[in-house]
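K.L.:
Next up, final_9.pdb (PDB, C-alpha atoms and all ligand atoms).
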```pdb
MODEL        1
ATOM      1  CA  MET A   1     -29.453  42.536 -98.105
ATOM      2  CA  ARG A   2     -29.244  41.669-101.784
ATOM      3  CA  ARG A   3     -25.919  43.511-102.261
ATOM      4  CA  LEU A   4     -24.243  40.563-100.502
ATOM      5  CA  ARG A   5     -26.049  38.007-102.653
ATOM      6  CA  GLY A   6     -24.387  39.036-105.914
ATOM      7  CA  ARG A   7     -22.797  36.105-107.735
ATOM      8  CA  LEU A   8     -19.248  37.383-107.299
ATOM      9  CA  ILE A   9     -19.430  38.364-103.646
ATOM     10  CA  GLN A  10     -21.615  35.544-102.367
ATOM     11  CA  PRO A  11     -18.819  32.965-101.933
ATOM     12  CA  PHE A  12     -16.840  35.490 -99.877
ATOM     13  CA  VAL A  13     -19.581  35.962 -97.331
ATOM     14  CA  LYS A  14     -20.512  32.307 -96.935
ATOM     15  CA  GLU A  15     -20.493  31.572 -93.213
ATOM     16  CA  HIS A  16     -20.060  27.789 -93.150
ATOM     17  CA  HIS A  17     -18.171  25.369 -95.342
ATOM     18  CA  LEU A  18     -18.249  21.653 -95.948
ATOM     19  CA  ARG A  19     -14.900  19.932 -96.405
ATOM     20  CA  LYS A  20     -13.988  16.381 -97.350
ATOM     21  CA  THR A  21     -12.375  15.997 -93.940
ATOM     22  CA  ASP A  22     -15.809  16.510 -92.377
ATOM     23  CA  LEU A  23     -17.120  13.351 -93.983
ATOM     24  CA  VAL A  24     -17.211   9.806 -92.628
ATOM     25  CA  MET A  25     -18.483   6.947 -94.812
ATOM     26  CA  PRO A  26     -20.276   4.042 -93.086
ATOM     27  CA  LEU A  27     -19.592   0.613 -94.627
ATOM     28  CA  PHE A  28     -21.125  -2.810 -93.963
ATOM     29  CA  ILE A  29     -18.925  -5.899 -94.095
ATOM     30  CA  ASP A  30     -20.771  -9.173 -94.480
ATOM     31  CA  GLU A  31     -19.025 -12.386 -93.469
ATOM     32  CA  ILE A  32     -21.214 -14.480 -95.789
ATOM     33  CA  ALA A  33     -21.386 -12.314 -98.910
ATOM     34  CA  GLU A  34     -19.181 -13.264-101.841
ATOM     35  CA  ARG A  35     -19.768 -10.099-103.826
ATOM     36  CA  PRO A  36     -21.096  -6.624-103.001
ATOM     37  CA  THR A  37     -24.771  -7.176-102.193
ATOM     38  CA  PRO A  38     -27.225  -4.317-102.721
ATOM     39  CA  ILE A  39     -29.190  -3.272 -99.628
ATOM     40  CA  PRO A  40     -32.872  -3.116-100.665
ATOM     41  CA  THR A  41     -33.838  -0.491 -98.052
ATOM     42  CA  MET A  42     -30.870   1.723 -99.010
ATOM     43  CA  PRO A  43     -30.551   1.779-102.809
ATOM     44  CA  GLY A  44     -26.971   2.609-103.793
ATOM     45  CA  GLN A  45     -25.491   1.046-100.618
ATOM     46  CA  PHE A  46     -23.960  -2.429-100.377
ATOM     47  CA  ARG A  47     -22.889  -5.089 -97.941
ATOM     48  CA  TYR A  48     -19.274  -5.752 -98.885
ATOM     49  CA  PRO A  49     -17.546  -9.126 -98.586
ATOM     50  CA  LEU A  50     -14.499  -9.349 -96.335
ATOM     51  CA  GLU A  51     -12.539 -10.529 -99.351
ATOM     52  CA  GLY A  52     -11.489  -7.379-101.186
ATOM     53  CA  ILE A  53     -12.513  -4.877 -98.489
ATOM     54  CA  GLY A  54      -9.028  -3.298 -98.676
ATOM     55  CA  PRO A  55      -9.376  -2.338-102.364
ATOM     56  CA  VAL A  56     -12.979  -1.191-101.761
ATOM     57  CA  VAL A  57     -11.800   1.269 -99.097
ATOM     58  CA  ARG A  58      -8.942   2.370-101.364
ATOM     59  CA  GLN A  59     -11.519   3.184-104.049
ATOM     60  CA  PHE A  60     -13.445   5.287-101.557
ATOM     61  CA  GLN A  61     -10.175   6.983-100.634
ATOM     62  CA  GLU A  62      -9.626   7.844-104.300
ATOM     63  CA  ARG A  63     -13.105   9.396-104.310
ATOM     64  CA  GLY A  64     -12.017  11.685-101.466
ATOM     65  CA  ILE A  65     -13.029   9.727 -98.367
ATOM     66  CA  GLY A  66     -10.577   9.924 -95.467
ATOM     67  CA  ALA A  67     -12.574   8.161 -92.747
ATOM     68  CA  VAL A  68     -14.801   5.087 -92.603
ATOM     69  CA  LEU A  69     -17.151   3.749 -89.930
ATOM     70  CA  LEU A  70     -17.243  -0.047 -90.127
ATOM     71  CA  PHE A  71     -20.123  -2.371 -89.223
ATOM     72  CA  GLY A  72     -19.778  -6.149 -89.205
ATOM     73  CA  ILE A  73     -22.449  -8.678 -90.115
ATOM     74  CA  PRO A  74     -21.362 -12.043 -88.683
ATOM     75  CA  ILE A  75     -22.231 -15.573 -89.780
ATOM     76  CA  ARG A  76     -23.022 -16.648 -86.229
ATOM     77  CA  LYS A  77     -25.181 -15.015 -83.543
ATOM     78  CA  ASP A  78     -25.813 -16.139 -79.961
ATOM     79  CA  PRO A  79     -27.572 -14.635 -76.915
ATOM     80  CA  GLU A  80     -24.259 -13.317 -75.525
ATOM     81  CA  GLY A  81     -22.969 -11.792 -78.774
ATOM     82  CA  THR A  82     -19.657 -13.647 -78.382
ATOM     83  CA  GLU A  83     -18.803 -13.333 -82.076
ATOM     84  CA  ALA A  84     -18.492  -9.559 -81.570
ATOM     85  CA  TYR A  85     -15.144  -9.946 -79.789
ATOM     86  CA  ASN A  86     -13.787 -12.914 -81.727
ATOM     87  CA  PRO A  87     -10.209 -11.930 -82.709
ATOM     88  CA  ARG A  88     -10.865 -13.656 -86.066
ATOM     89  CA  GLY A  89     -14.368 -12.173 -86.396
ATOM     90  CA  VAL A  90     -15.612 -10.293 -89.442
ATOM     91  CA  ILE A  91     -14.990  -6.797 -88.123
ATOM     92  CA  GLN A  92     -11.595  -7.578 -86.590
ATOM     93  CA  LEU A  93     -10.371  -9.091 -89.877
ATOM     94  CA  ALA A  94     -11.847  -6.191 -91.847
ATOM     95  CA  VAL A  95     -10.050  -3.617 -89.684
ATOM     96  CA  GLN A  96      -6.730  -5.437 -90.087
ATOM     97  CA  ARG A  97      -7.124  -5.527 -93.853
ATOM     98  CA  VAL A  98      -8.184  -1.922 -94.177
ATOM     99  CA  LYS A  99      -5.358  -0.710 -91.937
ATOM    100  CA  SER A 100      -2.766  -2.605 -93.954
ATOM    101  CA  GLU A 101      -4.202  -2.035 -97.451
ATOM    102  CA  ALA A 102      -5.498   1.530 -97.068
ATOM    103  CA  PRO A 103      -3.222   2.865 -94.307
ATOM    104  CA  GLY A 104      -4.098   6.517 -94.949
ATOM    105  CA  VAL A 105      -7.740   6.082 -93.994
ATOM    106  CA  LEU A 106      -9.018   6.745 -90.474
ATOM    107  CA  VAL A 107     -10.806   3.614 -89.249
ATOM    108  CA  ILE A 108     -13.695   3.931 -86.803
ATOM    109  CA  THR A 109     -15.615   0.867 -85.628
ATOM    110  CA  ASP A 110     -19.177   0.699 -84.335
ATOM    111  CA  VAL A 111     -19.051  -0.977 -80.933
ATOM    112  CA  CYS A 112     -22.362  -2.666 -80.202
ATOM    113  CA  ALA A 113     -23.740  -6.151 -79.790
ATOM    114  CA  CYS A 114     -27.023  -5.931 -81.715
ATOM    115  CA  GLU A 115     -25.593  -7.321 -84.967
ATOM    116  CA  TYR A 116     -24.144 -10.237 -82.997
ATOM    117  CA  THR A 117     -26.896 -11.218 -80.553
ATOM    118  CA  SER A 118     -29.630 -13.679 -81.561
ATOM    119  CA  HIS A 119     -32.256 -11.489 -79.834
ATOM    120  CA  GLY A 120     -30.970  -8.320 -81.542
ATOM    121  CA  HIS A 121     -30.573  -6.198 -78.407
ATOM    122  CA  CYS A 122     -27.429  -4.137 -77.817
ATOM    123  CA  GLY A 123     -25.998  -6.306 -75.007
ATOM    124  CA  ILE A 124     -26.976  -8.974 -72.485
ATOM    125  CA  ILE A 125     -30.674  -9.383 -71.722
ATOM    126  CA  GLY A 126     -32.378 -10.571 -68.565
ATOM    127  CA  GLU A 127     -35.418 -10.123 -66.383
ATOM    128  CA  GLY A 128     -35.712  -6.539 -65.104
ATOM    129  CA  PRO A 129     -38.315  -4.468 -63.240
ATOM    130  CA  SER A 130     -40.364  -4.108 -66.438
ATOM    131  CA  GLY A 131     -39.866  -7.562 -67.945
ATOM    132  CA  MET A 132     -37.107  -8.826 -70.242
ATOM    133  CA  ASP A 133     -34.737  -5.958 -70.912
ATOM    134  CA  LEU A 134     -31.161  -4.970 -71.634
ATOM    135  CA  GLN A 135     -29.064  -5.512 -68.494
ATOM    136  CA  ASN A 136     -26.791  -2.545 -67.949
ATOM    137  CA  ASP A 137     -23.752  -3.631 -65.967
ATOM    138  CA  PRO A 138     -23.377  -7.177 -67.346
ATOM    139  CA  SER A 139     -23.465  -5.633 -70.839
ATOM    140  CA  LEU A 140     -20.694  -3.143 -69.994
ATOM    141  CA  GLU A 141     -18.182  -5.980 -69.706
ATOM    142  CA  LEU A 142     -19.211  -7.277 -73.119
ATOM    143  CA  ILE A 143     -18.991  -3.839 -74.714
ATOM    144  CA  ALA A 144     -15.545  -3.203 -73.212
ATOM    145  CA  LYS A 145     -14.342  -6.561 -74.531
ATOM    146  CA  ILE A 146     -15.631  -5.725 -78.010
ATOM    147  CA  ALA A 147     -13.905  -2.321 -77.948
ATOM    148  CA  VAL A 148     -10.579  -3.845 -76.882
ATOM    149  CA  SER A 149     -10.800  -6.438 -79.677
ATOM    150  CA  HIS A 150     -11.330  -3.634 -82.211
ATOM    151  CA  ALA A 151      -8.384  -1.669 -80.817
ATOM    152  CA  ARG A 152      -6.222  -4.791 -80.988
ATOM    153  CA  ALA A 153      -7.204  -5.189 -84.654
ATOM    154  CA  GLY A 154      -5.997  -1.627 -85.282
ATOM    155  CA  ALA A 155      -9.047   0.651 -85.087
ATOM    156  CA  ASP A 156      -8.125   4.322 -84.674
ATOM    157  CA  LEU A 157     -11.368   5.161 -82.880
ATOM    158  CA  VAL A 158     -14.008   2.970 -81.317
ATOM    159  CA  ALA A 159     -17.596   4.185 -81.404
ATOM    160  CA  PRO A 160     -19.871   2.668 -78.736
ATOM    161  CA  SER A 161     -23.504   2.885 -79.865
ATOM    162  CA  CYS A 162     -25.261   0.820 -77.198
ATOM    163  CA  MET A 163     -26.434   3.688 -74.947
ATOM    164  CA  LEU A 164     -25.507   1.824 -71.758
ATOM    165  CA  ASP A 165     -24.881   3.924 -68.669
ATOM    166  CA  GLY A 166     -21.147   4.021 -68.012
ATOM    167  CA  MET A 167     -20.120   2.713 -71.439
ATOM    168  CA  VAL A 168     -17.438   5.330 -72.084
ATOM    169  CA  ALA A 169     -15.815   4.935 -68.668
ATOM    170  CA  ALA A 170     -15.844   1.130 -68.981
ATOM    171  CA  ILE A 171     -14.256   1.266 -72.438
ATOM    172  CA  ARG A 172     -11.653   3.891 -71.488
ATOM    173  CA  THR A 173     -10.555   1.858 -68.472
ATOM    174  CA  ALA A 174     -10.387  -1.391 -70.464
ATOM    175  CA  LEU A 175      -8.453   0.221 -73.328
ATOM    176  CA  ASP A 176      -5.958   1.812 -70.941
ATOM    177  CA  ASP A 177      -5.501  -1.444 -68.987
ATOM    178  CA  GLU A 178      -4.739  -3.299 -72.212
ATOM    179  CA  GLY A 179      -2.218  -0.718 -73.419
ATOM    180  CA  PHE A 180      -4.440   1.077 -75.930
ATOM    181  CA  GLN A 181      -4.083   4.591 -74.497
ATOM    182  CA  GLU A 182      -3.897   5.968 -78.025
ATOM    183  CA  THR A 183      -7.182   4.521 -79.241
ATOM    184  CA  GLY A 184      -9.855   7.211 -79.174
ATOM    185  CA  ILE A 185     -13.526   6.991 -78.286
ATOM    186  CA  MET A 186     -16.157   8.561 -80.494
ATOM    187  CA  SER A 187     -19.217   8.051 -78.345
ATOM    188  CA  TYR A 188     -22.716   7.800 -79.748
ATOM    189  CA  SER A 189     -23.386   9.996 -76.742
ATOM    190  CA  THR A 190     -26.810  11.360 -77.623
ATOM    191  CA  LYS A 191     -28.719   8.714 -79.507
ATOM    192  CA  PHE A 192     -32.477   8.961 -79.824
ATOM    193  CA  ALA A 193     -34.919   6.054 -80.086
ATOM    194  CA  SER A 194     -35.727   6.821 -83.706
ATOM    195  CA  GLY A 195     -37.801   5.226 -86.437
ATOM    196  CA  LEU A 196     -35.121   6.415 -88.830
ATOM    197  CA  TYR A 197     -32.873   3.410 -88.079
ATOM    198  CA  GLY A 198     -35.305   1.073 -89.860
ATOM    199  CA  PRO A 199     -33.390   0.714 -93.136
ATOM    200  CA  PHE A 200     -30.132   0.064 -91.211
ATOM    201  CA  ARG A 201     -31.674  -2.771 -89.227
ATOM    202  CA  GLU A 202     -32.562  -4.436 -92.532
ATOM    203  CA  ALA A 203     -29.069  -3.731 -93.844
ATOM    204  CA  ALA A 204     -27.198  -4.989 -90.775
ATOM    205  CA  ASP A 205     -29.737  -7.639 -89.745
ATOM    206  CA  SER A 206     -29.885  -6.101 -86.270
ATOM    207  CA  GLY A 207     -33.604  -5.770 -85.547
ATOM    208  CA  CYS A 208     -34.907  -6.731 -82.083
ATOM    209  CA  GLY A 209     -36.518 -10.150 -81.750
ATOM    210  CA  PHE A 210     -38.764  -8.772 -78.992
ATOM    211  CA  GLY A 211     -39.409  -5.304 -77.593
ATOM    212  CA  ASP A 212     -37.564  -2.241 -78.818
ATOM    213  CA  ARG A 213     -34.683   0.049 -77.821
ATOM    214  CA  SER A 214     -36.773   2.638 -75.994
ATOM    215  CA  THR A 215     -35.465   1.577 -72.559
ATOM    216  CA  TYR A 216     -31.931   2.575 -73.527
ATOM    217  CA  GLN A 217     -32.198   5.191 -76.272
ATOM    218  CA  ILE A 218     -33.544   8.722 -75.642
ATOM    219  CA  HIS A 219     -37.142   9.696 -76.320
ATOM    220  CA  PRO A 220     -37.320  12.259 -79.178
ATOM    221  CA  ALA A 221     -39.218  14.654 -76.886
ATOM    222  CA  ASN A 222     -36.337  15.048 -74.421
ATOM    223  CA  SER A 223     -33.714  17.732 -74.923
ATOM    224  CA  ARG A 224     -32.366  18.232 -71.393
ATOM    225  CA  GLU A 225     -31.881  14.495 -71.068
ATOM    226  CA  ALA A 226     -30.155  14.521 -74.462
ATOM    227  CA  LEU A 227     -27.626  17.093 -73.245
ATOM    228  CA  ARG A 228     -26.987  15.253 -69.975
ATOM    229  CA  GLU A 229     -26.147  12.128 -71.961
ATOM    230  CA  SER A 230     -23.413  13.921 -73.900
ATOM    231  CA  GLU A 231     -22.197  15.761 -70.807
ATOM    232  CA  ILE A 232     -21.774  12.492 -68.913
ATOM    233  CA  ASP A 233     -19.878  10.884 -71.802
ATOM    234  CA  ALA A 234     -17.590  13.910 -72.036
ATOM    235  CA  ARG A 235     -16.832  13.563 -68.328
ATOM    236  CA  GLU A 236     -16.227   9.810 -68.690
ATOM    237  CA  GLY A 237     -13.496  10.497 -71.233
ATOM    238  CA  ALA A 238     -15.073  10.534 -74.689
ATOM    239  CA  ASP A 239     -12.877  12.213 -77.317
ATOM    240  CA  ILE A 240     -15.690  12.982 -79.748
ATOM    241  CA  LEU A 241     -19.419  13.293 -79.016
ATOM    242  CA  MET A 242     -22.221  12.392 -81.405
ATOM    243  CA  VAL A 243     -25.814  13.296 -82.054
ATOM    244  CA  LYS A 244     -27.906  10.753 -83.930
ATOM    245  CA  PRO A 245     -30.061  11.015 -86.055
ATOM    246  CA  GLY A 246     -29.018  14.268 -87.706
ATOM    247  CA  GLY A 247     -31.582  16.373 -89.503
ATOM    248  CA  PHE A 248     -34.455  16.177 -87.002
ATOM    249  CA  TYR A 249     -32.090  16.908 -84.086
ATOM    250  CA  LEU A 250     -29.962  19.887 -85.142
ATOM    251  CA  ASP A 251     -31.090  21.920 -82.116
ATOM    252  CA  ILE A 252     -29.381  19.288 -79.970
ATOM    253  CA  VAL A 253     -26.201  19.515 -82.072
ATOM    254  CA  SER A 254     -25.863  23.211 -81.434
ATOM    255  CA  SER A 255     -26.237  22.699 -77.675
ATOM    256  CA  VAL A 256     -23.851  19.726 -77.447
ATOM    257  CA  ARG A 257     -21.049  21.973 -78.756
ATOM    258  CA  ALA A 258     -20.980  23.586 -75.322
ATOM    259  CA  PHE A 259     -19.098  20.611 -73.846
ATOM    260  CA  GLY A 260     -16.012  21.632 -75.807
ATOM    261  CA  LEU A 261     -15.421  18.369 -77.663
ATOM    262  CA  PRO A 262     -15.702  17.811 -81.407
ATOM    263  CA  VAL A 263     -19.274  16.898 -82.346
ATOM    264  CA  ALA A 264     -20.198  14.299 -84.941
ATOM    265  CA  VAL A 265     -23.638  14.167 -86.521
ATOM    266  CA  TYR A 266     -24.955  10.912 -87.950
ATOM    267  CA  GLN A 267     -27.230  11.323 -90.958
ATOM    268  CA  VAL A 268     -28.795   7.897 -90.507
ATOM    269  CA  SER A 269     -30.166   5.252 -92.833
ATOM    270  CA  GLY A 270     -33.744   6.591 -92.764
ATOM    271  CA  GLU A 271     -32.570  10.072 -93.701
ATOM    272  CA  TYR A 272     -30.610   8.566 -96.587
ATOM    273  CA  ALA A 273     -33.580   6.425 -97.628
ATOM    274  CA  MET A 274     -36.018   9.372 -97.608
ATOM    275  CA  ILE A 275     -33.801  11.586 -99.748
ATOM    276  CA  ARG A 276     -32.877   8.718-102.056
ATOM    277  CA  ALA A 277     -36.464   7.554-102.571
ATOM    278  CA  ALA A 278     -37.715  11.028-103.404
ATOM    279  CA  ALA A 279     -34.759  11.600-105.723
ATOM    280  CA  MET A 280     -35.285   8.267-107.499
ATOM    281  CA  ASN A 281     -38.873   9.297-108.130
ATOM    282  CA  GLY A 282     -37.721  12.591-109.605
ATOM    283  CA  TRP A 283     -39.495  14.512-106.835
ATOM    284  CA  ILE A 284     -36.446  16.338-105.505
ATOM    285  CA  ASP A 285     -32.988  17.104-106.835
ATOM    286  CA  GLU A 286     -30.658  14.735-104.999
ATOM    287  CA  LYS A 287     -27.443  16.767-105.078
ATOM    288  CA  THR A 288     -29.170  19.979-104.000
ATOM    289  CA  VAL A 289     -30.973  18.337-101.090
ATOM    290  CA  VAL A 290     -27.981  16.304 -99.920
ATOM    291  CA  MET A 291     -25.606  19.269 -99.964
ATOM    292  CA  GLU A 292     -28.252  21.359 -98.188
ATOM    293  CA  SER A 293     -28.673  18.706 -95.481
ATOM    294  CA  LEU A 294     -24.898  18.597 -94.951
ATOM    295  CA  ILE A 295     -24.301  22.346 -94.801
ATOM    296  CA  CYS A 296     -27.220  22.655 -92.370
ATOM    297  CA  ALA A 297     -25.483  20.146 -90.099
ATOM    298  CA  LYS A 298     -22.347  22.327 -90.300
ATOM    299  CA  ARG A 299     -24.388  25.442 -89.537
ATOM    300  CA  ALA A 300     -25.812  23.741 -86.455
ATOM    301  CA  GLY A 301     -22.263  23.076 -85.268
ATOM    302  CA  ALA A 302     -21.236  19.655 -86.578
ATOM    303  CA  ASP A 303     -17.530  18.993 -86.923
ATOM    304  CA  LEU A 304     -17.849  15.535 -88.460
ATOM    305  CA  ILE A 305     -20.755  14.218 -90.495
ATOM    306  CA  ILE A 306     -21.328  10.496 -90.846
ATOM    307  CA  THR A 307     -23.372  10.007 -93.989
ATOM    308  CA  TYR A 308     -24.083   7.318 -96.577
ATOM    309  CA  TYR A 309     -23.753  10.187 -99.061
ATOM    310  CA  ALA A 310     -20.106  10.849 -98.051
ATOM    311  CA  ALA A 311     -18.586   9.596-101.296
ATOM    312  CA  ASP A 312     -21.137  11.406-103.469
ATOM    313  CA  ALA A 313     -20.694  14.604-101.472
ATOM    314  CA  ALA A 314     -16.899  14.425-101.863
ATOM    315  CA  GLY A 315     -17.416  14.261-105.627
ATOM    316  CA  TRP A 316     -19.885  17.139-105.589
ATOM    317  CA  LEU A 317     -17.421  19.244-103.564
ATOM    318  CA  ASP A 318     -14.868  18.744-106.344
ATOM    319  CA  GLU A 319     -17.403  19.918-108.932
ATOM    320  CA  GLU A 320     -18.038  23.089-106.956
ATOM    321  CA  GLN A 321     -14.397  24.181-107.176
TER     322      GLN A 321
HETATM  323  C1  LIG A 401     -26.090  -0.132 -83.506
HETATM  324  C2  LIG A 401     -26.313   0.972 -84.469
HETATM  325  C3  LIG A 401     -27.496   1.356 -85.125
HETATM  326  C4  LIG A 401     -27.162   2.385 -85.980
HETATM  327  C5  LIG A 401     -25.805   2.637 -85.805
HETATM  328  N1  LIG A 401     -25.302   1.762 -84.866
HETATM  329  C6  LIG A 401     -28.851   0.769 -85.044
HETATM  330  C7  LIG A 401     -29.707   0.942 -83.869
HETATM  331  O1  LIG A 401     -29.373   1.577 -82.871
HETATM  332  O2  LIG A 401     -30.787   0.338 -83.934
HETATM  333  C8  LIG A 401     -28.103   3.069 -86.925
HETATM  334  C9  LIG A 401     -27.465   3.720 -88.096
HETATM  335  C10 LIG A 401     -28.385   4.092 -89.199
HETATM  336  O3  LIG A 401     -29.629   3.988 -89.095
HETATM  337  O4  LIG A 401     -27.872   4.505 -90.231
HETATM  338  N2  LIG A 401     -26.697   0.021 -82.279
HETATM  339 ZN    ZN A 402     -26.896  -1.840 -80.931
ENDMDL
END
```
I need this file expressed as structure tokens, please.

P.N.:
Amino acid sequence: MRRLRGRLIQPFVKEHHLRKTDLVMPLFIDEIAERPTPIPTMPGQFRYPLEGIGPVVRQFQERGIGAVLLFGIPIRKDPEGTEAYNPRGVIQLAVQRVKSEAPGVLVITDVCACEYTSHGHCGIIGEGPSGMDLQNDPSLELIAKIAVSHARAGADLVAPSCMLDGMVAAIRTALDDEGFQETGIMSYSTKFASGLYGPFREAADSGCGFGDRSTYQIHPANSREALRESEIDAREGADILMVKPGGFYLDIVSSVRAFGLPVAVYQVSGEYAMIRAAAMNGWIDEKTVVMESLICAKRAGADLIITYYAADAAGWLDEEQ
């Protein structure tokens, strides 16, 4: 076996490759912030003000980033999450600016209500069979409205992350009815109820006021259910499927490939925070571990990788050449 591990031959027999066009950089846009504000739970990441978001994305583009996933943090929250579809809302204005000031960058928007609702759940809540809970069908209307508002602002792809039954079909129908046949849907199709979203909920101020998301996200123990979720979204018209979180769920990634659509893997905030914290303590080598985590996602079958390390990884890819 070692004949193929010689320094000269090794690059020629490498089975999987990471490219800059695999990488998607998530960015937070804060309606209140006046300057980039460090996120305490995610050292190295910032909430960016709306003012100047165009140049910020252009800087990422210069570092090799070709796609961004945008999250909005609004000034105002209410129980119905109405700010999420405000045509002059933080995310809608951010998309317009990025599309006009960094036109070469693919813009994906997270479509969910949890950053916009006062209770922090991903849609409309009400009394259900097991107490106060996320209401499925009333929330679909809200989610479709949010997606259309993002498309109208110029998003290339909308990415519903609410895990409502029927979300992809509802969004596809609404987009088509409003004339946005060309706007794609990258569905958070297989999203587990994970403790690894903790740092994000601090970053995006989207924690639940009561309860948790376990009545709409998938239990980590369930793999058949995880595949059915992606299969259903594929049938409803998703253009890209997603598995989230990444590293703990790579077995699911390799199975979700079977549905024939591109698969995105989300290396989430908790994965970033774990690597970053260990690296900051000098316990692991950051570049080695990050690049390993990304190539392992490729090996499992990821087409796209959403990672807070996207910009760093793009730089490290340049060094390798
Ligand atoms: C919104 C959403 C979340 C993440 C992406 N979109 C939070 C959640 O579901 O609680 C998490 C991303 C991350 O942890 O990096 N629903
Ligand atoms: Zn949500």

K.L.:
Would you translate the PyMOL selection byres (((chain A and resi 108) around 7) and not hetatm) into the concrete set of residues it matches in this file, as a VMD selection string?

P.N.:
chain A and resid 68 to 70 106 to 107 109 to 110 155 to 159

K.L.:
As JSON, please report the centre and edge lengths, rounded to one decimal in Å, of the axis-aligned box that holds all listed atoms of segment 270-279 of chain A with 5 Å of padding on each of the six sides.

P.N.:
```
{"center_x": -34.2, "center_y": 9.0, "center_z": -99.2, "size_x": 17.1, "size_y": 15.2, "size_z": 23.0}
```

K.L.:
Residues within 7 Å of ligand LIG 401 (chain A), counting only C-alpha atoms and all ligand atoms: report them as a list in words.

P.N.:
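So, counting only C-alpha atoms and all ligand atoms, the residues near ligand LIG 401 (chain A) are Asp110, Cys112, Cys114, Cys122, Ser161, Cys162, Leu196, Tyr197, Gly198, Pro199, Phe200, Arg201, Ser206, Gly207, Gln267, Val268, Ser269 and Gly270 of chain A.
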
K.L.:
Do a neighbour search on Met1 of chain A at 12 Å with all atoms listed in the file, toss out local chain neighbours closer than 2 positions, and write the hits as an MDAnalysis selection string.

P.N.:
chainID A and resid 3:6 10 13

K.L.:
Can I get the selected residues back with C-alpha atoms, as a PDB file, in the frame of the given file?

P.N.:
```pdb
ATOM      1  CA  ARG A   3     -25.919  43.511-102.261  1.00  0.00           C
ATOM      2  CA  LEU A   4     -24.243  40.563-100.502  1.00  0.00           C
ATOM      3  CA  ARG A   5     -26.049  38.007-102.653  1.00  0.00           C
ATOM      4  CA  GLY A   6     -24.387  39.036-105.914  1.00  0.00           C
ATOM      5  CA  GLN A  10     -21.615  35.544-102.367  1.00  0.00           C
ATOM      6  CA  VAL A  13     -19.581  35.962 -97.331  1.00  0.00           C
TER       7      VAL A  13
END
```

K.L.:
What residues of the protein or nucleic acid chains come within 12 Å of ligand ZN 402 (chain A) when you use only C-alpha atoms and all ligand atoms? Reply as an NGL selection string.

P.N.:
:A and (71-72 or 81 or 84 or 110-117 or 119-124 or 134 or 139 or 143 or 159-164 or 188 or 191 or 193 or 197 or 200-201 or 204-208 or 212-214 or 216-217)

K.L.:
Counting all atoms listed in the file, figure out which residue out of A:Thr307, A:Gln135, A:Gln61, A:Ser100 gets nearest to Met25 of chain A.

P.N.:
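When distances to Met25 of chain A are compared using all atoms listed in the file, the smallest one comes from A:Thr307.
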
K.L.:
Please determine, counting all atoms listed in the file, which residue among A:Ala144, A:Met42, A:Val105, A:Ala297 has the shortest atom-to-atom distance to Ala273 of chain A.

P.N.:
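The closest residue to Ala273 of chain A is A:Met42.
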
K.L.:
Can you list, as a ChimeraX atom specification, the residues that the PyMOL selection byres (((chain A and resi 98) around 12) and not hetatm) selects here?

P.N.:
/A:27,29,50-61,67-70,91-97,99-109,153-156

K.L.:
What does the distance from atom CA of Phe180 of chain A to atom CA of Leu241 of chain A come to in Å, to one decimal?

P.N.:
19.6 Å
